[in-house]
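Comments concern the structure below.
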Amino acid sequence: MNELAVPLNHLLFLSGLLFSIGMLGVMIRRNIIFILMSIEVMLNACALAFVGAGAHWGQPDGQVMYVMILSIAAAEVAVGLGLVLQIQRRFKTLDMDQANRMRG
Amino acid sequence: MLETTIFYISAAVALAATILAMTRTNAIHALIYLIVSLLAIAVIFFVVGAPFAAALEVVIYAGAIMVLFVFVIMMLNLGEEGDARERKWLEPSIWIGPATLSVVLLIELIFLIGSVEGQVSQGVVSAKMVGISLFGPYVLAVELASMLLLAGMVGAFHLGRRLLEKRA
Amino acid sequence: MTLSKLIALAPILILSITIIVLVLHASLKRDHKSAWYVSALGLLITIWGSYYASGYAQQVTVLLKVDNWGLLFSALIVVSTLTTLAISRDVFLAEGNRKEEYYLLILLSTLGAIVLCQSSHIVSLLLGMELMGIAVYAMIAFPEEDALPLEASIKYLILSACASAMLLFGFALLYAATGDLSYAGIGSKVASAYESNPMLVVAGTAMVLSGIGFKLSLVPFHMWTPDVYEGAPTPVTNFLATVSKGAMFVALTRLFLDGKFYQFPSLIVALTLISVASMLVGNLLALRQENVKRLLAYSSIAHFGYLLMVIVGFSSLKETGEILNLGRDALTFYLAAYILSTLAAIAVVANVVGEKTAHIEAFTGLFWKQPLQAAALMVAMLSFAGIPLTAGFMGKFYLITLGLDAGLWLLLSGLIIGSAIGIYYYLRLIFAMSSPLGDPSVVPSKHSLSWRDALAFVLLLSVLYMGSWPQPFIDFAGV
Amino acid sequence: MTDYIWLIPILPLISSITLMLGSAYLGRSVIATLGVGSVGLAAVLTGALAYNFLHAPEPIHVVYWTWMQVGQFDPSIAFYFDGLTLVMMSVITGVGFLIHLFSSEFMEHDNSYARYFAYLNMFVAAMLILVLADNLLLMYLGWEGVGTCSYLLVGFWYQHSANGRAARKAFIVTRIGDTAMAIGLLVLFTELGTLNIQDLVAAAQAKWQVGDVIPLLICVLLLAGAAGKSAQLPLHTWLPDAMAGPTPVSALIHAATMVTAGVYLIARTHGLFLLSPDAMTVVAVVGLLTSLVAAFTALAQHDIKRILAYSTISQIGYMFLALGVGAWTAGVFHLMTHAFFKALLFLGSGAIIHCLHHEHDIFKMGGLRSRMPVTFWSFLIGSAALAALPLTSGFFSKDLILLQAYQQANIGPLLWVGGLGGALLTAIYSFRLVFIVFFGHANTSPDREIGWRMAIPLILLCALSLIGGYFSLPVEKVFPIDDNQHPDQWVELVSISIPIFGVFLAYLLFLGRQLDPGFLIESASGRWLKQFWYSGWKIDRLYDLALVNPYYWIATIARNEPVDKFYQSIVITNQTLNAALSKMQTGRMRGYIVSMVIGLIGFLGLSLFFVAGAV
Amino acid sequence: MVLVNLILILLLGGVVAAVSERVSSTTPRQVALLVIVLAFLYLVSELSGLDSLNQLQPSTPNDPNSWLIHFKASWIPAFGISIEFALDGLSLLMVLLTLVLGAIAVSASWTDITERHGFFEANLLWTIAGVLGVFMALDLFLFFLFWEVMLIPMYFLIAIWGHENRGYAAMKFFIFTQASGLLMLVATLALVAVYRDSMGHYSFSYFDLLNTPMAKNTAWWLMLGFFVAFVVKLPGFPFHTWLPDAHTQAPTAGSVILAGILLKTGAYGLIRFTVPLFPDAALEFSNVALTLGVAGIIYGAVLAFGQTDFKRLVAYSSVSHMGFILLGVYAWNELALQGAVMQMVAHGFSTAALFMIAGSLQERLHTREMPKMSGLWQSMPRMGAMAMFFVLASLGLPGLGNFVAEFLVLLGLFQVNPWLTVLASMGLITGAIYSLMLMQRSFQGEPNPQLETKTLTDFGSRELLTMAVMVIALVVLGIYPQPVLDIAQMTIASTLKFGLPGAMP
């Protein structure tokens with residue numbers, strides 16, 4: 001496995017690309033579930049960047065960071081989906097733009 | 001030499017899957033594409049020399065989190081009228097603005113990251129090494145992660161409880 | 001993990017034990033009142049713990065660096081949580097059914113905040129921040145029936161998730177450039193990394209700054225604050241305004257100082273821009289705000305704009321060490337003053353308005369209805385405005401001294417213009433409170449001194465005491 | 001003898017204060033005795049003072065306490081009494097007493113009787129302080145005090161706002177003169193370091209030679225002050241309007257005392273004026289012009305008091321003329337005689353108004369010769385003295401002035417001719433008044449006869465007007481001895497004959513009607529000329545257009561604080577910014593995300609810019 | 001300790017007055033009067049013993065023990081901040097004026113406060129305590145503290161008991177002073193920073209900061225900071241727009257205190273801090289300040305003339321009179337300074353009286369609009385007489401205090417800038433115009449038919465007594481001002497040496 005000749009910036013390009021796609025998803029979609037999915041994509045992009053950097057430096061820290069990001073993502077999704085269920089029950093819609101009672 | 005090509009193939013697959021995931025109107029289709037993209041990334045992890053991370057990615061990320069999503073979507077049974085509504089929400093007028101923004105963001109990132117040199121893989125960082133550092137310097141981090149998950153659980157429990165009572 | 005290291009971690013350990021006890025307690029007997037007492041007791045012991053740990057200041061594993069400065073702020077955070085507990089007593093007691101998850105969440109969040117205060121490593125920063133965040137999402141949406149908390153909670157979740165993603169990506173780039181995750185490591189390697197690939201380092205810091213900027217609700221990232229503060233129940237707003245922002249700012253200072261980020265001119269320019277923008281936008285937004293909670297949200301944006309001045313000040317003070325701790329003292333004093341004043345202000349809002357919308361009409365004639373509450377709110381407002389004899393003034397005094405030493409003319413003028421605008425809306429509230437309501441004959445009802453008045457009185461005294469007799473606090477903070 | 005000199009001004013002052021405080025509790029007779037008595041007592045004391053001054057004629061200087069002492073500036077409250085002060089004091093207290101007696105009956109039926117006497121006594125006290133002051137600052141105190149009392153007295157019947165406006169006009173115009181005088185004081189103190197009159201005159205003579213610029217400046221400023229108070233040309237418009245006050249007030253203030261304060265000031269500081277000859281010529285010219293202008297205006301007036309007011313302005317013009325040519329004694333002498341006959345005329349007109357239930361227009365009066373004999377004879381003697389007919393006191397003083405004016409160095413004869421013209425006009429308008437009011441058919445009939453308290457002052461003043469000419473003023477030590485060698489015979493003869501010719505002309509024009517002025521008045525230019533003179537050469541109109549209206553206009557425009565507009569603009573910008581920013585808080589999360597991304601792009605761009613720039 | 005006790009008496013007095021409302025609605029005002037008289041007697045008894053006062057020996061600014069009373073206790077040693085009070089000639093005069101006017105303010109609002117009497121009197125006493133603090137504090141931090149704290153009770157006086165538009169007026173008053181106060185705070189801290197750089201340790205004491213060496217343009221900027229803060233409070237020409245609003249909306253006692261004492265804190269600040277701390281910067285700046293002063297005089301007079309509101313007219317007259325003080329201070333020689341101090345004292349009395357009259361008019365007629373009230377002398381002769389006296393005082397009738405002040409200022413200024421003096425003396429004329437207009441529009445002229453004269457009660461004995469105090473004060477100041485001049489001389493003689501080299505020593 002050791003003659004992998006991939007320059008670091010290609011990997012960072014990939015994670016950057018994924019990050020911007022995730023960001024785009026959050027901005028575009030109005031359904032909360034899709035937004036949560038986009039957030040997962042962004043977090044995954046960061047995880048990829050960390051693992052890549054870890055591999056580049058040959059340290060386990062990258063993967064430790066990956067584990068932490070994983071747990072954060074999991075917790076977030078749990079609470080997020082719980083909220084989604086409540087919102088579906090309370091507002092009967094998942095459209096994020098409906099939620100604009102507070103303004104000014 | 002093989003690994004490099006595998007890396008680029010899986011990168012392409014990941015990118016394509018994510019883009020498709022973002023643009024699908026049907027939640028389930030989007031979810032499936034997302035799982036495909038996660039698996040592609042797991043392959044990259046493996047290639048890059050982080051087998052433990054790859055395994056985690058497949059088992060937990062694709063396995064647990066995405067499955068959770070499927071449960072919720074099924075529970076909400078968005079169904080057909082959900083798709084029509086999604087399509088309406090996706091006319092060009094909505095996503096043109098954010099699209100330009102993220103393109104600009106992308107160009108900036110490419111510029112900024114472009115100048116980095118150095119190869120990615122310095123050899124395999126085995127699960128053993130990760131385990132040692134996890135329970136070496138990062139022992140407190142693990143404890144804190146557990147607290148974090150506890151918080152997530154309590155939060156989910158609180159938000160979900162009312163539902164169960166209603167249903168039961 | 002030697003014994004002395006464990007003692008150094010006293011506050012964190014005690015709090016975790018309390019959490020576990022609470023969980024067990026929930027399984028045995030679902031009683032709301034006893035849960036409140038357990039958590040209050042736990043918090044008191046934590047304060048004692050942080051005082052006790054101050055003797056054992058040391059670097060505990062690569063993750064946490066326990067020092068007096070961190071412990072001071074941990075104590076302050078625990079005090080804020082205690083006040084939040086005190087306020088939330090009757091908010092949730094009224095609902096009758098079993099709601100003790102609330103206390104669990106509060107303790108978890110406080111634990112996250114304390115970790116954040118003492119973190120010296122990216123992982124502990126991340127975990128602390130996320131632990132604090134996740135617990136707060138559920139707390140905001142605690143009364144899950146009514147609409148506003150849900151809306152506030154989902155907004156906060158999504159936005160804070162994005163911010164964390166930005167933060168993470170920034171740290172990833174930094175890690176890619178420097179190869180080390182602890183602040184000290186970054187600090188030592190960042191200069192050399194800057195030579196080899198400056199782009200990565202600068203991009204990393206920019207993204208980190210944006211992530212943290214969100215948490216501190218600085219200008220381009222401030223938009224969530226008013227909605228979340230208004231939507232969340234009042235005790236949670238108090239928690240958000242004091243604990244989450246305070247801990248985050250301490251973490252930012254540690255990252256900035258140990259990570260030696262002050263070398264990068266781009267970061268300093270960015271920080272200056274954010275700071276001036278926050279000062280002006282925060283004050284301007286609050287100018288004609290009718291809802292008191294939203295008003296406090298905007299004023300907190302402005303105050304963190306002022307606080308950022310200290311961080312920018314560090315960049316020009318780095319040469320002479322002596323002035324460095326002037327910057328640290330200024331930061332400590334202003335943050336402590338801000339936290340105390342916010343506690344006082346929101347405590348009174350909770351006492352007077354409870355969960356109804358905190359519109360300014362509810363406060364008209366408060367002087368004559370509830371004089372003690374009105375006095376506490378007035379002192380809090382004056383402290384925000386920076387009128388002498390209040391803690392806020394001493395904070396502003398420090399800020400201006402620092403601004404003059406570091407020569408931050410733009411920020412100083414921003415401070416002056418901001419506080420000039422600020423006086424208007426703080427005074428507007430005081431004027432509303434002092435305007436005579438219909439019948440002047442109503443003499444304040446001589447109800448017994450309820451604990452709410454006691455709480456308001458204690459907070460009032462502490463704000464005045466810190467303002468009029470700051471010397472003991474300066475000695476303690478400066479140590 | 002000198003120790004009770006402070007009593008003279010204090011007596012009227014105390015009586016005025018008691019009258020002010022106790023006005024509600026005192027009966028009418030008590031008020032009258034108090035008011036008139038205090039001035040009478042002062043007159044007696046002045047008489048005693050005069051008696052022993054004539055025997056031992058050296059000036060008395062009494063210092064009571066230093067008013068204020070700041071560094072080198074230490075004016076003190078001190079009195080300086082010499083011949084000139086004696087003359088002035090005797091005029092003030094003497095004529096003042098008579099006028100007080102007259103007004104005790106004249107104002108009998110007025111309901112604020114006490115307030116009237118309080119003001120009148122306050123006025124006499126202020127005038128005495130002015131005259132007795134040893135330094136210019138104390139004189140300034142008297143000066144302003146007199147101005148204030150004239151304001152209070154002219155606006156005595158405050159119920160009609162017209163009187164209030166006249167009083168305000170009097171005060172403000174004199175105030176302009178006083179400010180000029182104050183500036184003169186400032187220059188004096190800065191240059192000479194003292195305000196004490198005797199010291200500053202000595203110091204001035206030591207410091208400057210004749211013809212220097214600074215003495216000229218000081219003298220012009222003092223002249224402006226004098227012109228303001230004595231209603232000379234530029235600042236004379238207030239006196240005719242000041243007739244709105246009760247007539248005895250006009251008699252006391254606008255004939256005998258206050259208006260002569262300007263003359264006293266110049267006489268007292270003649271040492272300074274001697275230092276700048278052209279200042280003296282200015283004084284002379286101002287005097288002459290004023291007398292001519294006032295004389296012409298008096299000719300066209302209908303109101304009896306306005307005629308006398310303009311004649312006062314004209315006569316004081318003569319005094320200024322005398323001072324301008326250096327005839328100090330003649331000036332002061334004319335001041336004294338003028339006080340007698342002008343007070344007489346005013347009191348006479350007061351009597352007429354009193355009896356003809358407040359009728360002022362002379363053409364509505366007529367034929368009063370038989371019904372009011374005392375008033376007729378007093379008017380006749382007064383007018384004779386005014387016109388300077390031989391044997392009257394006016395003749396001696398005016399003649400002296402004209403002779404001295406003739407001998408003046410460069411423009412002497414010109415001044416003399418002007419003076420003669422003035423004398424002619426004075427004769428005409430004075431006797432026009434007499435003929436119209438007392439001869440011709442009777443339009444109105446007086447409803448009551450004047451009591452003894454009005455008759456005695458008239459009679460006494462008639463006597464004084466006649467024998468006044470023979471008094472010799474004890475001022476030889478005060479003024480430098482003027483070598484008045486007699487001009488050739490014909491000059492004297494002409495100056496004697498002109499007034500007689502004037503009276504004859506008045507007789508033709510107004511009584512005998514032989515010389516019918518009809519053709520003159522009907523013609524267009526004639527009518528315009530009459531209107532022009534009637535309105536006081538349109539000077540009043542000029543001041544309104546140039547100063548008063550613009551001031552009103554600016555005040556009304558600036559009423560609502562133009563500077564505040566600046567601060568309002570700040571508030572408005574804040575509010576518009578607030579509106580704009582709070583519009584951005586749409587409540588939709590999408591907006592928040594976009595602003596976060598924009599913030600991120602901004603910072604990345606900033607770092608890119610820096611790094612790209614640096615690398 | 002004397003000075004601290006003085007302030008404590010007033011503070012505690014305020015609390016007692018607030019509490020005493022429970023007894024009955026009239027006791028608070030008696031308590032307030034008692035407290036002020038007590039404080040006055042306490043001060044006088046303490047001072048009579050002082051021989052340094054009897055021999056009027058001068059107090060040099062930079063050595064504290066030459067002052068009458070000096071008290072110093074450390075407060076925040078980390079920054080060299082100490083509770084430092086000191087009293088010398090100038091501050092003694094101001095303290096006495098404050099106490100006397102305080103008593104007058106209490107008697108002025110004897111009947112016209114209808115609600116919350118206790119809290120009103122408490123605010124009154126606290127404002128006075130704040131002002132005393134300003135006059136006596138000599139630690140710049142403490143001075144700034146009192147400078148801001150005295151605003152709060154004053155704000156409440158206007159905001160709670162004010163008239164119809166009180167919210168706006170109180171807000172404007174507070175923001176103007178507070179924002180400019182902030183400038184002063186920055187200037188003070190910069191001064192202390194410069195002091196620390198040169199001396200190595202922090203100190204906020206006036207005595208140490210007096211002769212800190214600093215670069216020319218820093219001195220200029222710092223002086224500007226102080227100057228703006230004090231000129232806003234004075235009020236000087238361009239910064240005066242808060243005064244008319246604050247005065248028209250304030251209750252009678254509020255206006256009396258605002259005009260009588262609070263304006264003097266600005267003037268006191270100029271004499272004590274702005275010029276001695278930055279002498280050469282003040283010299284350069286004097287021309288600008290003088291032109292501002294003259295502009296203030298003429299602008300205030302013209303605007304006063306245009307007003308239809310009685311109180312607003314008197315407020316603008318204060319702007320005009322304060323212009324003289326600005327001239328007096330920046331001419332910076334003995335005559336001008338004595339004139340400025342005398343104006344501070346005399347103006348205090350004359351405007352306090354005019355505002356009392358305005359207040360009693362408002363109490364009786366429920367309006368301040370002059371067109372609605374002409375010919376009042378008819379029905380209220382005593383008030384008319386008093387109004388006439390104080391109008392004459394305010395237009396500078398010789399023999400009364402204001403004339404002595406204005407003449408000294410003009411005399412002092414003439415030696416520095418003759419042409420400006422001529423312009424300033426225009427103020428005498430314009431002053432006469434608006435003052436007499438005030439009398440004409442309100443007390444003289446045809447009685448207004450709408451006012452049914454029978455309901456108008458004239459001045460009672462209490463009001464007459466208060467007025468008598470002020471009449472006597474003004475007459476004594478006019479005829480025999482030497483005691484006040486000597487006390488002021490104690491400060492001015494030595495402060496002059498610190499200031500810019502005035503023409504006259």
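In the structure tokens, chains take letters A, B, ... by order of appearance, with residues numbered from 1 within each chain and ligands from 1 in the order shown.
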
Please list as a PyMOL selection string every residue within 9 Å of Gly269 (chain E), counting only C-alpha atoms and excluding residues in the same chain fewer than 5 positions away.
chain E and resi 134-135+226-227+229-230+264+274

Suppose we keep N, CA and C atoms; can you now write the selection as a compact mmCIF listing (two decimals), in the first residue's frame?
# COMPACT_ATOMS: atom_id res chain seq x y z
N VAL E 134 -18.32 66.49 42.34
CA VAL E 134 -17.58 67.03 41.18
C VAL E 134 -16.71 68.19 41.63
N PHE E 135 -17.26 69.07 42.50
CA PHE E 135 -16.47 70.26 42.85
C PHE E 135 -15.30 69.92 43.77
N PHE E 226 -10.94 67.09 26.90
CA PHE E 226 -11.49 67.75 28.11
C PHE E 226 -12.38 68.93 27.70
N PHE E 227 -11.87 69.71 26.74
CA PHE E 227 -12.60 70.95 26.37
C PHE E 227 -14.01 70.60 25.90
N ALA E 229 -15.85 68.00 26.53
CA ALA E 229 -16.72 67.53 27.63
C ALA E 229 -17.24 68.72 28.43
N PHE E 230 -16.34 69.67 28.73
CA PHE E 230 -16.78 70.78 29.61
C PHE E 230 -17.63 71.78 28.84
N LYS E 264 -22.41 75.07 36.13
CA LYS E 264 -21.15 75.58 36.68
C LYS E 264 -20.09 74.47 36.72
N THR E 274 -8.97 71.82 32.29
CA THR E 274 -8.56 71.93 30.88
C THR E 274 -7.31 72.76 30.73

What are the residues of chain C that have an atom within 6 Å of an atom of chain A, counting only C-alpha atoms, as a PyMOL selection string?
chain C and resi 151+165+169+172+176+227

Shortest interatomic distance to Val349 (chain C) - which of C:Tyr56, C:Tyr425, C:Phe363, C:Tyr183, counting only C-alpha atoms:
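Result for the nearest residue to Val349 (chain C): C:Phe363.
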
Within 8 Å of chain A, which residues of chain D are there when counting only C-alpha atoms? Please give them as a ChimeraX atom specification.
/D:582-590,593-594

Any chance you could export the current selection's N, CA, C and O atoms as a tab-separated table (two decimals), in the first residue's frame?
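So part22.tsv came out as:
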chain	number	residue	atom	x	y	z
D	582	SER	N	-32.52	46.04	10.46
D	582	SER	CA	-33.53	45.11	11.01
D	582	SER	C	-34.35	44.52	9.87
D	582	SER	O	-34.95	43.44	10.02
D	583	LYS	N	-34.33	45.17	8.69
D	583	LYS	CA	-35.04	44.54	7.55
D	583	LYS	C	-34.27	43.26	7.17
D	583	LYS	O	-34.84	42.27	6.72
D	584	MET	N	-32.92	43.31	7.41
D	584	MET	CA	-32.14	42.12	7.00
D	584	MET	C	-32.47	40.92	7.90
D	584	MET	O	-32.26	39.77	7.50
D	585	GLN	N	-32.96	41.24	9.13
D	585	GLN	CA	-33.27	40.10	10.03
D	585	GLN	C	-34.60	39.48	9.59
D	585	GLN	O	-35.62	39.64	10.25
D	586	THR	N	-34.60	38.75	8.50
D	586	THR	CA	-35.90	38.32	7.94
D	586	THR	C	-36.51	37.17	8.74
D	586	THR	O	-37.65	36.83	8.55
D	587	GLY	N	-35.75	36.53	9.60
D	587	GLY	CA	-36.32	35.40	10.32
D	587	GLY	C	-36.14	34.12	9.54
D	587	GLY	O	-36.28	33.03	10.09
D	588	ARG	N	-35.77	34.21	8.20
D	588	ARG	CA	-35.63	32.95	7.43
D	588	ARG	C	-34.16	32.52	7.53
D	588	ARG	O	-33.25	33.30	7.25
D	589	MET	N	-33.98	31.25	7.88
D	589	MET	CA	-32.62	30.76	8.13
D	589	MET	C	-31.75	30.83	6.89
D	589	MET	O	-30.54	31.00	6.96
D	590	ARG	N	-32.42	30.74	5.73
D	590	ARG	CA	-31.62	30.76	4.50
D	590	ARG	C	-30.77	32.04	4.44
D	590	ARG	O	-29.57	31.98	4.13
D	593	ILE	N	-27.72	31.72	6.66
D	593	ILE	CA	-26.66	30.85	6.08
D	593	ILE	C	-25.90	31.65	5.01
D	593	ILE	O	-24.67	31.71	5.02
D	594	VAL	N	-26.65	32.35	4.19
D	594	VAL	CA	-26.00	33.09	3.09
D	594	VAL	C	-25.05	34.12	3.70
D	594	VAL	O	-23.89	34.26	3.28

I need the residue nearest chain E from this list: D:Ser445, D:Thr556, D:Thr194, D:Thr260. Use only C-alpha atoms for the distance.
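Result for the nearest residue to chain E: D:Thr556.
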
Could you please write out, as an MDAnalysis selection string, every residue of region 41-249 of chain D that DSSP assigns to strand (DSSP E or B)?
chainID D and resid 60:66 70 73 76:81 133 135 196

Give me the residues near region 194-201 of chain E as a list in words, where near means some atom within 8 Å (using only C-alpha atoms) and where sequence neighbours in that chain fewer than 3 positions away do not count.
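After dropping sequence-adjacent residues, the list is Gly80, Ala190, Leu191, Leu209, Thr212, Pro213 and Met214 of chain E.
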
Based on the backbone DSSP call, show me all residues of region 144-287 of chain C assigned alpha helix (DSSP H), as an MDAnalysis selection string.
chainID C and resid 147:178 183:196 198:215 224:231 234:239 245:258 265:286

Could you list, as a PyMOL selection string, the residues of chain D having an atom within 7 Å of chain E when counting only C-alpha atoms?
chain D and resi 67-71+141+144+158-161+164+168+172+175-176+179+183+186+190+555-556+558-559+563-564

Contacts of chain C with chain D up to 10 Å, shortest pair per row, only C-alpha atoms, as JSON lines:
{"residue": "C:Glu151", "atom": "CA", "partner": "D:Met589", "partner_atom": "CA", "distance": 9.7}
{"residue": "C:Ala152", "atom": "CA", "partner": "D:Met589", "partner_atom": "CA", "distance": 9.8}
{"residue": "C:Ile154", "atom": "CA", "partner": "D:Met589", "partner_atom": "CA", "distance": 9.4}
{"residue": "C:Lys155", "atom": "CA", "partner": "D:Met589", "partner_atom": "CA", "distance": 6.4}
{"residue": "C:Tyr156", "atom": "CA", "partner": "D:Met589", "partner_atom": "CA", "distance": 9.3}
{"residue": "C:Ile158", "atom": "CA", "partner": "D:Met589", "partner_atom": "CA", "distance": 8.9}
{"residue": "C:Leu159", "atom": "CA", "partner": "D:Ile593", "partner_atom": "CA", "distance": 6.9}
{"residue": "C:Cys162", "atom": "CA", "partner": "D:Ile593", "partner_atom": "CA", "distance": 8.4}
{"residue": "C:Ala163", "atom": "CA", "partner": "D:Met596", "partner_atom": "CA", "distance": 8.4}
{"residue": "C:Met166", "atom": "CA", "partner": "D:Leu600", "partner_atom": "CA", "distance": 8.6}
{"residue": "C:Tyr194", "atom": "CA", "partner": "D:Val611", "partner_atom": "CA", "distance": 9.8}
{"residue": "C:Glu195", "atom": "CA", "partner": "D:Val615", "partner_atom": "CA", "distance": 9.2}
{"residue": "C:Asn197", "atom": "CA", "partner": "D:Val615", "partner_atom": "CA", "distance": 9.8}
{"residue": "C:Pro198", "atom": "CA", "partner": "D:Val611", "partner_atom": "CA", "distance": 6.7}
{"residue": "C:Met199", "atom": "CA", "partner": "D:Val611", "partner_atom": "CA", "distance": 6.4}
{"residue": "C:Leu200", "atom": "CA", "partner": "D:Leu608", "partner_atom": "CA", "distance": 9.9}
{"residue": "C:Val201", "atom": "CA", "partner": "D:Ser607", "partner_atom": "CA", "distance": 9.5}
{"residue": "C:Val202", "atom": "CA", "partner": "D:Ser607", "partner_atom": "CA", "distance": 5.8}
{"residue": "C:Ala203", "atom": "CA", "partner": "D:Leu604", "partner_atom": "CA", "distance": 5.9}
{"residue": "C:Gly204", "atom": "CA", "partner": "D:Leu604", "partner_atom": "CA", "distance": 8.9}
{"residue": "C:Thr205", "atom": "CA", "partner": "D:Ser607", "partner_atom": "CA", "distance": 8.9}
{"residue": "C:Ala206", "atom": "CA", "partner": "D:Phe603", "partner_atom": "CA", "distance": 5.7}
{"residue": "C:Met207", "atom": "CA", "partner": "D:Leu600", "partner_atom": "CA", "distance": 6.7}
{"residue": "C:Val208", "atom": "CA", "partner": "D:Leu600", "partner_atom": "CA", "distance": 9.7}
{"residue": "C:Leu209", "atom": "CA", "partner": "D:Phe603", "partner_atom": "CA", "distance": 8.5}
{"residue": "C:Ser210", "atom": "CA", "partner": "D:Leu600", "partner_atom": "CA", "distance": 6.0}
{"residue": "C:Gly211", "atom": "CA", "partner": "D:Leu600", "partner_atom": "CA", "distance": 8.8}
{"residue": "C:Gly213", "atom": "CA", "partner": "D:Gly599", "partner_atom": "CA", "distance": 9.5}
{"residue": "C:Phe214", "atom": "CA", "partner": "D:Met596", "partner_atom": "CA", "distance": 8.0}
{"residue": "C:Val219", "atom": "CA", "partner": "D:Gly599", "partner_atom": "CA", "distance": 8.6}
{"residue": "C:Pro220", "atom": "CA", "partner": "D:Gly599", "partner_atom": "CA", "distance": 5.2}
{"residue": "C:Phe221", "atom": "CA", "partner": "D:Met596", "partner_atom": "CA", "distance": 5.1}
{"residue": "C:His222", "atom": "CA", "partner": "D:Tyr592", "partner_atom": "CA", "distance": 8.2}
{"residue": "C:Met223", "atom": "CA", "partner": "D:Tyr592", "partner_atom": "CA", "distance": 5.6}
{"residue": "C:Trp224", "atom": "CA", "partner": "D:Tyr592", "partner_atom": "CA", "distance": 6.7}
{"residue": "C:Pro226", "atom": "CA", "partner": "D:Gln585", "partner_atom": "CA", "distance": 8.7}
{"residue": "C:Asp227", "atom": "CA", "partner": "D:Gly587", "partner_atom": "CA", "distance": 7.0}
{"residue": "C:Phe264", "atom": "CA", "partner": "D:Ser607", "partner_atom": "CA", "distance": 9.1}
{"residue": "C:Pro265", "atom": "CA", "partner": "D:Phe610", "partner_atom": "CA", "distance": 7.7}
{"residue": "C:Ser266", "atom": "CA", "partner": "D:Ser607", "partner_atom": "CA", "distance": 5.3}
{"residue": "C:Leu267", "atom": "CA", "partner": "D:Ser607", "partner_atom": "CA", "distance": 7.3}
{"residue": "C:Val269", "atom": "CA", "partner": "D:Leu606", "partner_atom": "CA", "distance": 8.5}
{"residue": "C:Ala270", "atom": "CA", "partner": "D:Phe603", "partner_atom": "CA", "distance": 6.6}
{"residue": "C:Leu271", "atom": "CA", "partner": "D:Phe603", "partner_atom": "CA", "distance": 9.6}
{"residue": "C:Ile274", "atom": "CA", "partner": "D:Gly599", "partner_atom": "CA", "distance": 9.6}
{"residue": "C:Val281", "atom": "CA", "partner": "D:Leu581", "partner_atom": "CA", "distance": 7.6}
{"residue": "C:Gly282", "atom": "CA", "partner": "D:Leu581", "partner_atom": "CA", "distance": 9.7}
{"residue": "C:Asn283", "atom": "CA", "partner": "D:Asn578", "partner_atom": "CA", "distance": 8.8}
{"residue": "C:Leu284", "atom": "CA", "partner": "D:Asn578", "partner_atom": "CA", "distance": 5.2}
{"residue": "C:Leu285", "atom": "CA", "partner": "D:Asn578", "partner_atom": "CA", "distance": 5.2}
{"residue": "C:Ala286", "atom": "CA", "partner": "D:Asn578", "partner_atom": "CA", "distance": 7.7}
{"residue": "C:Leu287", "atom": "CA", "partner": "D:Asn578", "partner_atom": "CA", "distance": 6.5}
{"residue": "C:Arg288", "atom": "CA", "partner": "D:Asn578", "partner_atom": "CA", "distance": 7.5}
{"residue": "C:Gln289", "atom": "CA", "partner": "D:Ser582", "partner_atom": "CA", "distance": 9.1}
{"residue": "C:Ile421", "atom": "CA", "partner": "D:Asn574", "partner_atom": "CA", "distance": 8.3}
